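Peer 1: File data_7.txt below, compact mmCIF, N, CA and C atoms:
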# COMPACT_ATOMS: atom_id res chain seq x y z
N MET A 25 96.06 28.94 126.60
CA MET A 25 97.39 28.34 126.56
C MET A 25 97.59 27.40 127.74
N ALA A 26 97.22 27.85 128.95
CA ALA A 26 97.42 27.02 130.14
C ALA A 26 96.61 25.74 130.04
N TYR A 27 95.37 25.83 129.52
CA TYR A 27 94.54 24.64 129.38
C TYR A 27 95.20 23.65 128.44
N SER A 28 95.76 24.14 127.35
CA SER A 28 96.44 23.29 126.38
C SER A 28 97.64 22.59 127.02
N GLN A 29 98.41 23.33 127.81
CA GLN A 29 99.56 22.73 128.50
C GLN A 29 99.10 21.68 129.50
N CYS A 30 98.00 21.94 130.20
CA CYS A 30 97.49 20.97 131.16
C CYS A 30 96.97 19.73 130.45
N ARG A 31 96.32 19.91 129.30
CA ARG A 31 95.83 18.76 128.53
C ARG A 31 97.00 17.85 128.14
N SER A 32 98.10 18.43 127.69
CA SER A 32 99.29 17.65 127.33
C SER A 32 99.87 16.96 128.55
N PHE A 33 99.91 17.66 129.68
CA PHE A 33 100.42 17.06 130.92
C PHE A 33 99.58 15.85 131.30
N VAL A 34 98.27 15.99 131.27
CA VAL A 34 97.37 14.89 131.64
C VAL A 34 97.57 13.71 130.68
N LYS A 35 97.62 13.99 129.41
CA LYS A 35 97.78 12.93 128.40
C LYS A 35 99.08 12.16 128.62
N ASN A 36 100.15 12.85 128.98
CA ASN A 36 101.45 12.21 129.12
C ASN A 36 101.74 11.63 130.50
N ASN A 37 100.98 12.03 131.53
CA ASN A 37 101.35 11.65 132.89
C ASN A 37 100.27 10.98 133.73
N CYS A 38 99.03 10.97 133.29
CA CYS A 38 97.97 10.54 134.20
C CYS A 38 97.20 9.30 133.75
N GLY A 39 97.29 8.93 132.51
CA GLY A 39 96.47 7.86 131.96
C GLY A 39 96.61 6.52 132.66
N GLU A 40 97.84 6.11 132.95
CA GLU A 40 98.06 4.79 133.55
C GLU A 40 97.42 4.66 134.92
N ALA A 41 97.32 5.76 135.65
CA ALA A 41 96.75 5.72 137.00
C ALA A 41 95.25 5.44 136.98
N MET A 42 94.61 5.50 135.81
CA MET A 42 93.19 5.19 135.73
C MET A 42 92.94 3.69 135.80
N GLY A 43 94.00 2.89 135.61
CA GLY A 43 93.83 1.44 135.69
C GLY A 43 92.80 0.94 134.70
N ASP A 44 91.85 0.12 135.19
CA ASP A 44 90.84 -0.44 134.30
C ASP A 44 89.55 0.39 134.27
N TYR A 45 89.65 1.65 134.67
CA TYR A 45 88.52 2.57 134.59
C TYR A 45 88.63 3.36 133.29
N VAL A 46 87.51 3.56 132.62
CA VAL A 46 87.49 4.30 131.36
C VAL A 46 87.32 5.78 131.68
N PRO A 47 88.31 6.60 131.31
CA PRO A 47 88.23 8.03 131.64
C PRO A 47 87.13 8.74 130.86
N ALA A 48 86.51 9.71 131.52
CA ALA A 48 85.51 10.55 130.85
C ALA A 48 86.21 11.40 129.80
N GLU A 49 85.45 11.83 128.82
CA GLU A 49 85.99 12.65 127.74
C GLU A 49 86.53 13.98 128.25
N ASN A 50 85.85 14.54 129.23
CA ASN A 50 86.26 15.86 129.73
C ASN A 50 86.92 15.73 131.10
N PHE A 51 87.66 16.74 131.46
CA PHE A 51 88.30 16.78 132.76
C PHE A 51 88.44 18.23 133.17
N ASN A 52 88.66 18.41 134.45
CA ASN A 52 88.88 19.75 134.99
C ASN A 52 90.35 19.89 135.32
N ALA A 53 90.97 20.95 134.86
CA ALA A 53 92.39 21.17 135.13
C ALA A 53 92.66 22.65 135.27
N ALA A 54 93.66 22.95 136.07
CA ALA A 54 94.07 24.34 136.26
C ALA A 54 95.53 24.38 136.65
N LYS A 55 96.16 25.51 136.38
CA LYS A 55 97.51 25.73 136.87
C LYS A 55 97.38 26.27 138.29
N LEU A 56 97.98 25.55 139.23
CA LEU A 56 97.92 25.95 140.63
C LEU A 56 99.33 26.09 141.16
N GLN A 57 99.44 26.74 142.31
CA GLN A 57 100.74 26.87 142.97
C GLN A 57 100.55 26.51 144.44
N PRO A 58 101.65 26.26 145.15
CA PRO A 58 101.55 25.90 146.56
C PRO A 58 100.68 26.87 147.36
N GLY A 59 99.79 26.29 148.17
CA GLY A 59 98.88 27.08 148.98
C GLY A 59 97.52 27.31 148.34
N ASP A 60 97.39 27.02 147.04
CA ASP A 60 96.12 27.22 146.36
C ASP A 60 95.09 26.18 146.78
N VAL A 61 93.83 26.60 146.77
CA VAL A 61 92.69 25.72 147.04
C VAL A 61 91.72 25.88 145.88
N ALA A 62 91.18 24.77 145.40
CA ALA A 62 90.20 24.81 144.32
C ALA A 62 89.07 23.85 144.66
N GLU A 63 87.89 24.16 144.15
CA GLU A 63 86.72 23.33 144.40
C GLU A 63 85.91 23.20 143.12
N VAL A 64 85.47 21.97 142.82
CA VAL A 64 84.70 21.71 141.62
C VAL A 64 83.51 20.83 142.00
N GLU A 65 82.34 21.18 141.50
CA GLU A 65 81.15 20.34 141.71
C GLU A 65 80.97 19.46 140.48
N MET A 66 80.70 18.17 140.73
CA MET A 66 80.57 17.21 139.65
C MET A 66 79.32 16.35 139.89
N THR A 67 78.74 15.84 138.81
CA THR A 67 77.59 14.95 138.90
C THR A 67 78.05 13.50 138.79
N PHE A 68 77.57 12.68 139.71
CA PHE A 68 77.86 11.26 139.72
C PHE A 68 76.53 10.51 139.57
N TYR A 69 76.51 9.52 138.69
CA TYR A 69 75.27 8.82 138.36
C TYR A 69 75.13 7.53 139.16
N GLY A 70 73.93 7.31 139.67
CA GLY A 70 73.65 6.16 140.52
C GLY A 70 73.97 4.83 139.85
N GLY A 71 74.50 3.90 140.66
CA GLY A 71 74.81 2.56 140.18
C GLY A 71 76.14 2.44 139.46
N GLU A 72 76.87 3.52 139.33
CA GLU A 72 78.15 3.50 138.62
C GLU A 72 79.32 3.35 139.59
N ASP A 73 80.35 2.61 139.15
CA ASP A 73 81.61 2.50 139.88
C ASP A 73 82.56 3.54 139.30
N TYR A 74 83.12 4.36 140.17
CA TYR A 74 83.98 5.46 139.73
C TYR A 74 85.38 5.37 140.32
N ARG A 75 86.32 5.95 139.59
CA ARG A 75 87.64 6.27 140.11
C ARG A 75 87.81 7.78 139.95
N LEU A 76 88.01 8.45 141.07
CA LEU A 76 88.32 9.86 141.09
C LEU A 76 89.82 9.97 141.25
N LEU A 77 90.48 10.61 140.29
CA LEU A 77 91.93 10.71 140.28
C LEU A 77 92.34 12.17 140.25
N ILE A 78 93.22 12.53 141.18
CA ILE A 78 93.79 13.87 141.19
C ILE A 78 95.24 13.72 140.74
N CYS A 79 95.56 14.31 139.61
CA CYS A 79 96.88 14.17 139.01
C CYS A 79 97.51 15.55 138.94
N GLY A 80 98.64 15.71 139.63
CA GLY A 80 99.29 17.01 139.66
C GLY A 80 100.77 16.91 139.36
N HIS A 81 101.32 18.02 138.92
CA HIS A 81 102.74 18.07 138.60
C HIS A 81 103.56 17.81 139.86
N GLU A 82 104.62 17.02 139.72
CA GLU A 82 105.44 16.63 140.87
C GLU A 82 106.09 17.80 141.59
N LEU A 83 106.31 18.92 140.91
CA LEU A 83 106.89 20.10 141.56
C LEU A 83 105.99 20.64 142.67
N LEU A 84 104.71 20.32 142.62
CA LEU A 84 103.77 20.83 143.61
C LEU A 84 103.76 20.03 144.91
N GLY A 85 104.39 18.87 144.90
CA GLY A 85 104.41 18.05 146.10
C GLY A 85 103.06 17.41 146.36
N ASP A 86 102.76 17.16 147.64
CA ASP A 86 101.51 16.51 148.00
C ASP A 86 100.31 17.39 147.67
N ILE A 87 99.31 16.76 147.09
CA ILE A 87 98.06 17.45 146.81
C ILE A 87 96.96 16.74 147.59
N ALA A 88 96.38 17.46 148.53
CA ALA A 88 95.30 16.91 149.34
C ALA A 88 93.99 17.10 148.60
N PHE A 89 93.10 16.10 148.72
CA PHE A 89 91.76 16.30 148.17
C PHE A 89 90.72 15.64 149.05
N GLN A 90 89.54 16.22 148.98
CA GLN A 90 88.40 15.72 149.73
C GLN A 90 87.21 15.63 148.79
N LEU A 91 86.35 14.65 149.07
CA LEU A 91 85.08 14.53 148.37
C LEU A 91 84.00 14.83 149.40
N LEU A 92 83.13 15.79 149.06
CA LEU A 92 82.09 16.24 149.99
C LEU A 92 80.74 16.22 149.30
N ASP A 93 79.68 16.04 150.10
CA ASP A 93 78.35 16.18 149.52
C ASP A 93 78.00 17.66 149.45
N THR A 94 76.81 17.97 148.97
CA THR A 94 76.44 19.37 148.76
C THR A 94 76.21 20.13 150.07
N GLU A 95 76.14 19.41 151.18
CA GLU A 95 76.01 20.05 152.50
C GLU A 95 77.35 20.07 153.23
N ASP A 96 78.44 19.83 152.49
CA ASP A 96 79.81 19.83 153.01
C ASP A 96 80.11 18.72 154.01
N ASN A 97 79.35 17.62 153.95
CA ASN A 97 79.68 16.44 154.76
C ASN A 97 80.83 15.70 154.07
N LEU A 98 81.86 15.38 154.83
CA LEU A 98 83.05 14.73 154.29
C LEU A 98 82.76 13.27 153.95
N LEU A 99 83.03 12.88 152.70
CA LEU A 99 82.85 11.50 152.26
C LEU A 99 84.18 10.78 152.12
N PHE A 100 85.22 11.52 151.76
CA PHE A 100 86.56 10.94 151.60
C PHE A 100 87.58 12.04 151.77
N ASP A 101 88.69 11.72 152.42
CA ASP A 101 89.80 12.65 152.61
C ASP A 101 91.08 11.85 152.38
N ASN A 102 91.84 12.19 151.35
CA ASN A 102 93.03 11.39 151.05
C ASN A 102 94.11 11.54 152.12
N ALA A 103 94.03 12.56 152.97
CA ALA A 103 94.97 12.70 154.08
C ALA A 103 94.82 11.55 155.07
N GLU A 104 93.65 10.93 155.08
CA GLU A 104 93.40 9.77 155.96
C GLU A 104 93.77 8.45 155.27
N HIS A 105 94.27 8.54 154.04
CA HIS A 105 94.60 7.35 153.24
C HIS A 105 95.97 7.51 152.58
N GLU A 106 96.95 7.93 153.38
CA GLU A 106 98.34 8.06 152.93
C GLU A 106 98.49 8.92 151.68
N MET A 107 97.67 9.94 151.56
CA MET A 107 97.70 10.89 150.44
C MET A 107 97.51 10.22 149.08
N SER A 108 96.73 9.14 149.07
CA SER A 108 96.41 8.46 147.81
C SER A 108 95.88 9.49 146.82
N GLN A 109 96.26 9.35 145.58
CA GLN A 109 95.81 10.29 144.56
C GLN A 109 94.54 9.82 143.85
N HIS A 110 93.98 8.68 144.30
CA HIS A 110 92.72 8.26 143.71
C HIS A 110 91.80 7.67 144.78
N PHE A 111 90.53 7.63 144.44
CA PHE A 111 89.50 7.08 145.31
C PHE A 111 88.51 6.33 144.44
N ASP A 112 88.32 5.04 144.72
CA ASP A 112 87.37 4.21 143.99
C ASP A 112 86.11 4.08 144.84
N PHE A 113 84.95 4.30 144.22
CA PHE A 113 83.70 4.26 144.97
C PHE A 113 82.52 4.05 144.03
N LYS A 114 81.37 3.77 144.63
CA LYS A 114 80.12 3.60 143.89
C LYS A 114 79.07 4.46 144.56
N VAL A 115 78.25 5.12 143.75
CA VAL A 115 77.15 5.90 144.31
C VAL A 115 75.84 5.16 144.06
N GLU A 116 74.98 5.18 145.06
CA GLU A 116 73.69 4.48 144.96
C GLU A 116 72.69 5.27 144.11
N GLY A 117 72.67 6.58 144.30
CA GLY A 117 71.74 7.41 143.54
C GLY A 117 72.47 8.58 142.92
N THR A 118 71.95 9.09 141.82
CA THR A 118 72.58 10.22 141.14
C THR A 118 72.62 11.43 142.08
N GLN A 119 73.79 12.06 142.12
CA GLN A 119 73.96 13.20 143.02
C GLN A 119 75.13 14.07 142.60
N ASN A 120 75.09 15.31 143.03
CA ASN A 120 76.21 16.22 142.84
C ASN A 120 77.09 16.13 144.07
N LEU A 121 78.39 16.06 143.84
CA LEU A 121 79.38 16.04 144.91
C LEU A 121 80.44 17.08 144.59
N LYS A 122 81.15 17.53 145.63
CA LYS A 122 82.21 18.52 145.46
C LYS A 122 83.57 17.87 145.69
N VAL A 123 84.50 18.22 144.83
CA VAL A 123 85.89 17.82 144.98
C VAL A 123 86.65 19.08 145.38
N LYS A 124 87.31 19.00 146.53
CA LYS A 124 88.09 20.14 147.03
C LYS A 124 89.56 19.75 147.02
N ILE A 125 90.37 20.58 146.38
CA ILE A 125 91.80 20.32 146.23
C ILE A 125 92.57 21.38 147.00
N ASN A 126 93.62 20.93 147.69
CA ASN A 126 94.47 21.85 148.45
C ASN A 126 95.92 21.48 148.15
N VAL A 127 96.63 22.40 147.50
CA VAL A 127 98.05 22.17 147.20
C VAL A 127 98.85 22.59 148.43
N SER A 128 99.68 21.69 148.93
CA SER A 128 100.46 21.96 150.13
C SER A 128 101.26 23.25 149.97
N PRO A 129 101.27 24.10 151.02
CA PRO A 129 102.10 25.31 150.95
C PRO A 129 103.57 24.94 150.81
N ASN A 130 104.29 25.75 150.07
CA ASN A 130 105.71 25.51 149.85
C ASN A 130 106.49 26.13 151.01
N THR A 131 107.33 25.33 151.66
CA THR A 131 108.10 25.84 152.79
C THR A 131 109.33 26.63 152.35
N ASP A 132 109.72 26.52 151.10
CA ASP A 132 110.87 27.26 150.58
C ASP A 132 110.36 28.51 149.86
N ALA A 133 110.43 29.64 150.53
CA ALA A 133 109.87 30.89 150.00
C ALA A 133 110.55 31.31 148.70
N ALA A 134 111.76 30.82 148.43
CA ALA A 134 112.47 31.21 147.21
C ALA A 134 111.84 30.56 145.98
N LEU A 135 111.14 29.47 146.18
CA LEU A 135 110.51 28.76 145.06
C LEU A 135 108.99 28.83 145.20
N ASN A 136 108.34 29.13 144.12
CA ASN A 136 106.88 29.14 144.13
C ASN A 136 106.40 28.63 142.76
N PRO A 137 106.60 27.34 142.50
CA PRO A 137 106.29 26.81 141.18
C PRO A 137 104.80 26.73 140.92
N GLN A 138 104.44 26.81 139.65
CA GLN A 138 103.09 26.55 139.21
C GLN A 138 103.10 25.23 138.47
N GLY A 139 102.00 24.51 138.56
CA GLY A 139 101.91 23.27 137.83
C GLY A 139 100.46 22.88 137.62
N CYS A 140 100.24 22.02 136.66
CA CYS A 140 98.88 21.57 136.36
C CYS A 140 98.40 20.60 137.42
N VAL A 141 97.15 20.76 137.78
CA VAL A 141 96.45 19.81 138.63
C VAL A 141 95.15 19.48 137.92
N ALA A 142 94.91 18.19 137.71
CA ALA A 142 93.71 17.76 136.98
C ALA A 142 92.86 16.85 137.85
N ILE A 143 91.56 16.99 137.69
CA ILE A 143 90.59 16.09 138.30
C ILE A 143 90.07 15.21 137.18
N LEU A 144 90.37 13.93 137.27
CA LEU A 144 89.93 12.98 136.25
C LEU A 144 88.92 12.02 136.86
N LEU A 145 87.94 11.67 136.08
CA LEU A 145 86.91 10.76 136.55
C LEU A 145 86.82 9.61 135.57
N GLY A 146 86.93 8.40 136.11
CA GLY A 146 86.81 7.21 135.28
C GLY A 146 85.65 6.36 135.74
N ARG A 147 85.10 5.60 134.83
CA ARG A 147 83.96 4.75 135.13
C ARG A 147 84.34 3.32 134.77
N LYS A 148 84.01 2.40 135.66
CA LYS A 148 84.31 0.99 135.40
C LYS A 148 83.21 0.44 134.50
N VAL A 149 83.62 -0.17 133.40
CA VAL A 149 82.68 -0.71 132.45
C VAL A 149 82.60 -2.23 132.65
N GLU A 150 81.39 -2.70 132.88
CA GLU A 150 81.18 -4.15 133.03
C GLU A 150 81.24 -4.80 131.67
N GLU A 151 81.93 -5.92 131.60
CA GLU A 151 82.05 -6.62 130.30
C GLU A 151 81.02 -7.68 130.16
Show this structure as structure tokens.

Peer 2:
Amino acid sequence: MAYSQCRSFVKNNCGEAMGDYVPAENFNAAKLQPGDVAEVEMTFYGGEDYRLLICGHELLGDIAFQLLDTEDNLLFDNAEHEMSQHFDFKVEGTQNLKVKINVSPNTDAALNPQGCVAILLGRKVEE
């Protein structure tokens, strides 16, 4: 049920942010709440231009994400880029990378909302 709700959320709220990148057929999504951390390993193919987009429900506030190699070397941190929800990049060789998501803790203890957070990957297609 949660996956179905997240799929609807992504379809209705995240598509425009992909710009001129063609989204992959599959995506990773989960219901998260403030303070949650999630990590997903993904394969990126050499020579491709990618857009990595983290799309989360507005009730969750800022969602931090990092892109790391398999040895945990930091490649991108959106906290260093005004909390941008996307990162455009190209990989030279095929490799596995990790996407780490951190939902900001909620300072209002009376509220602890859950919301969908999706990792979307788009590829730029040359015409």

Peer 1: Excluding Gly71 (chain A) and residues on its chain fewer than 2 positions from it, collect all residues at most 6.5 Å away from it, counting only N, CA and C atoms, and give them as a PyMOL selection string.

Peer 2: chain A and resi 69+73+114-118

Peer 1: Would you mind exporting the chosen residues as a PDB file, in the frame of the given file, restricted to N, CA and C atoms?

Peer 2:
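Writing the result to result.pdb gives the following:
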ATOM      1  N   TYR A  69      76.510   9.520 138.690  1.00  0.00           N
ATOM      2  CA  TYR A  69      75.270   8.820 138.360  1.00  0.00           C
ATOM      3  C   TYR A  69      75.130   7.530 139.160  1.00  0.00           C
ATOM      4  N   ASP A  73      80.350   2.610 139.150  1.00  0.00           N
ATOM      5  CA  ASP A  73      81.610   2.500 139.880  1.00  0.00           C
ATOM      6  C   ASP A  73      82.560   3.540 139.300  1.00  0.00           C
ATOM      7  N   LYS A 114      81.370   3.770 144.630  1.00  0.00           N
ATOM      8  CA  LYS A 114      80.120   3.600 143.890  1.00  0.00           C
ATOM      9  C   LYS A 114      79.070   4.460 144.560  1.00  0.00           C
ATOM     10  N   VAL A 115      78.250   5.120 143.750  1.00  0.00           N
ATOM     11  CA  VAL A 115      77.150   5.900 144.310  1.00  0.00           C
ATOM     12  C   VAL A 115      75.840   5.160 144.060  1.00  0.00           C
ATOM     13  N   GLU A 116      74.980   5.180 145.060  1.00  0.00           N
ATOM     14  CA  GLU A 116      73.690   4.480 144.960  1.00  0.00           C
ATOM     15  C   GLU A 116      72.690   5.270 144.110  1.00  0.00           C
ATOM     16  N   GLY A 117      72.670   6.580 144.300  1.00  0.00           N
ATOM     17  CA  GLY A 117      71.740   7.410 143.540  1.00  0.00           C
ATOM     18  C   GLY A 117      72.470   8.580 142.920  1.00  0.00           C
ATOM     19  N   THR A 118      71.950   9.090 141.820  1.00  0.00           N
ATOM     20  CA  THR A 118      72.580  10.220 141.140  1.00  0.00           C
ATOM     21  C   THR A 118      72.620  11.430 142.080  1.00  0.00           C
TER      22      THR A 118
END

Peer 1: Need the shell around Arg75 (chain A): protein/DNA/RNA residues with any atom at most 7 Å away, counting only N, CA and C atoms. Skip same-chain ones fewer than 4 positions apart. Format as an MDAnalysis selection string?

Peer 2: chainID A and resid 45 110:113 144:148

Peer 1: Between CA of Ala48 (chain A) and atom N of Met66 (chain A), what distance in Å does the model show, to one decimal?

Peer 2: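 Between these atoms lies a distance of 13.4 Å.
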
Peer 1: Calculate how many Å separate atom C of Ser128 (chain A) from CA of Asn36 (chain A), rounding to one decimal.

Peer 2: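 Atom-to-atom, atom C of Ser128 (chain A) and CA of Asn36 (chain A) are spaced 23.6 Å apart.
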
Peer 1: Between A:Leu99, A:Ile87, A:Val123, A:Val149, which residue has the minimum interatomic distance to Gln57 (chain A), considering only C-alpha atoms?

Peer 2: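 Of the candidates, the smallest distance to Gln57 (chain A) is held by A:Ile87.
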
Peer 1: Using only C-alpha atoms, which residue out of A:Asn102, A:Asp44, A:Val64, A:His81 lies closest to Cys30 (chain A)?

Peer 2: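 Answer, going by the shortest atom-to-atom distance: A:His81.
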
Peer 1: Suppose you want the space between atom N of Asp93 (chain A) and CA of Leu121 (chain A); what is it in Å?

Peer 2: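 Separating atom N of Asp93 (chain A) from CA of Leu121 (chain A) is a distance of 5.2 Å.
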
Peer 1: Using backbone DSSP assignments, extract all strand (DSSP E or B) residues from chain A; output them as number ranges by chain.

Peer 2: A: 45-47, 52-56, 61-68, 73-80, 87-92, 98-101, 110-114, 119-127, 139-148

Peer 1: Would you pick out the contacts of Met107 (chain A) at 8 Å or less, using all atoms listed in the file, so that residues sharing its chain but fewer than 2 positions from it are not included, and give the list as a list in words?

Peer 2: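 These residues fall inside the cut-off: Asp86, Ile87, Ala88, Phe89, Asp101, Asn102, Ala103, Glu104, His105, Gln109 and His110 of chain A.
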
Peer 1: Excluding Pro58 (chain A) and its own-chain neighbours fewer than 5 positions away, which residues fall within 7 Å of it when counting only C-alpha atoms? Please give them as a ChimeraX atom specification.

Peer 2: /A:84,127-130,136

Peer 1: Find the residues near Glu82 (chain A): any atom within 8 Å, counting only N, CA and C atoms, skip ones fewer than 3 places away on the same chain, and give them as a VMD selection string.

Peer 2: chain A and resid 79 85 to 86 139 to 140

Peer 1: Nearest to Pro137 (chain A): which of A:Leu98, A:Ile125, A:Leu56, A:Leu92 is it, counting all atoms listed in the file?

Peer 2: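 Among the listed residues, the smallest separation from Pro137 (chain A) belongs to A:Leu56.
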
Peer 1: Using only C-alpha atoms, which residue out of A:Leu77, A:Val141, A:Leu91, A:Leu83 lies closest to Met42 (chain A)?

Peer 2: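 Ranking A:Leu77, A:Val141, A:Leu91, A:Leu83 by distance to Met42 (chain A), first place goes to A:Leu77.
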
Peer 1: Since the input has fewer atoms than a full residue there, write region 72-83 of chain A out with N, CA, C and O atoms, as a short mmCIF file (atom, residue, chain, number, x, y, z; two decimals), keeping the file's coordinate frame.

Peer 2:
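Just written: selection37.cif:
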data_model
loop_
_atom_site.label_atom_id
_atom_site.label_comp_id
_atom_site.auth_asym_id
_atom_site.auth_seq_id
_atom_site.Cartn_x
_atom_site.Cartn_y
_atom_site.Cartn_z
N GLU A 72 76.87 3.52 139.33
CA GLU A 72 78.15 3.50 138.62
C GLU A 72 79.32 3.35 139.59
O GLU A 72 79.30 3.88 140.70
N ASP A 73 80.35 2.61 139.15
CA ASP A 73 81.61 2.50 139.88
C ASP A 73 82.56 3.54 139.30
O ASP A 73 82.79 3.56 138.08
N TYR A 74 83.12 4.36 140.17
CA TYR A 74 83.98 5.46 139.73
C TYR A 74 85.38 5.37 140.32
O TYR A 74 85.58 4.84 141.40
N ARG A 75 86.32 5.95 139.59
CA ARG A 75 87.64 6.27 140.11
C ARG A 75 87.81 7.78 139.95
O ARG A 75 87.75 8.31 138.84
N LEU A 76 88.01 8.45 141.07
CA LEU A 76 88.32 9.86 141.09
C LEU A 76 89.82 9.97 141.25
O LEU A 76 90.38 9.45 142.21
N LEU A 77 90.48 10.61 140.29
CA LEU A 77 91.93 10.71 140.28
C LEU A 77 92.34 12.17 140.25
O LEU A 77 91.86 12.94 139.43
N ILE A 78 93.22 12.53 141.18
CA ILE A 78 93.79 13.87 141.19
C ILE A 78 95.24 13.72 140.74
O ILE A 78 96.04 13.04 141.39
N CYS A 79 95.56 14.31 139.61
CA CYS A 79 96.88 14.17 139.01
C CYS A 79 97.51 15.55 138.94
O CYS A 79 96.97 16.45 138.30
N GLY A 80 98.64 15.71 139.63
CA GLY A 80 99.29 17.01 139.66
C GLY A 80 100.77 16.91 139.36
O GLY A 80 101.39 15.87 139.55
N HIS A 81 101.32 18.02 138.92
CA HIS A 81 102.74 18.07 138.60
C HIS A 81 103.56 17.81 139.86
O HIS A 81 103.26 18.32 140.93
N GLU A 82 104.62 17.02 139.72
CA GLU A 82 105.44 16.63 140.87
C GLU A 82 106.09 17.80 141.59
O GLU A 82 106.37 17.72 142.79
N LEU A 83 106.31 18.92 140.91
CA LEU A 83 106.89 20.10 141.56
C LEU A 83 105.99 20.64 142.67
O LEU A 83 106.47 21.34 143.57
#
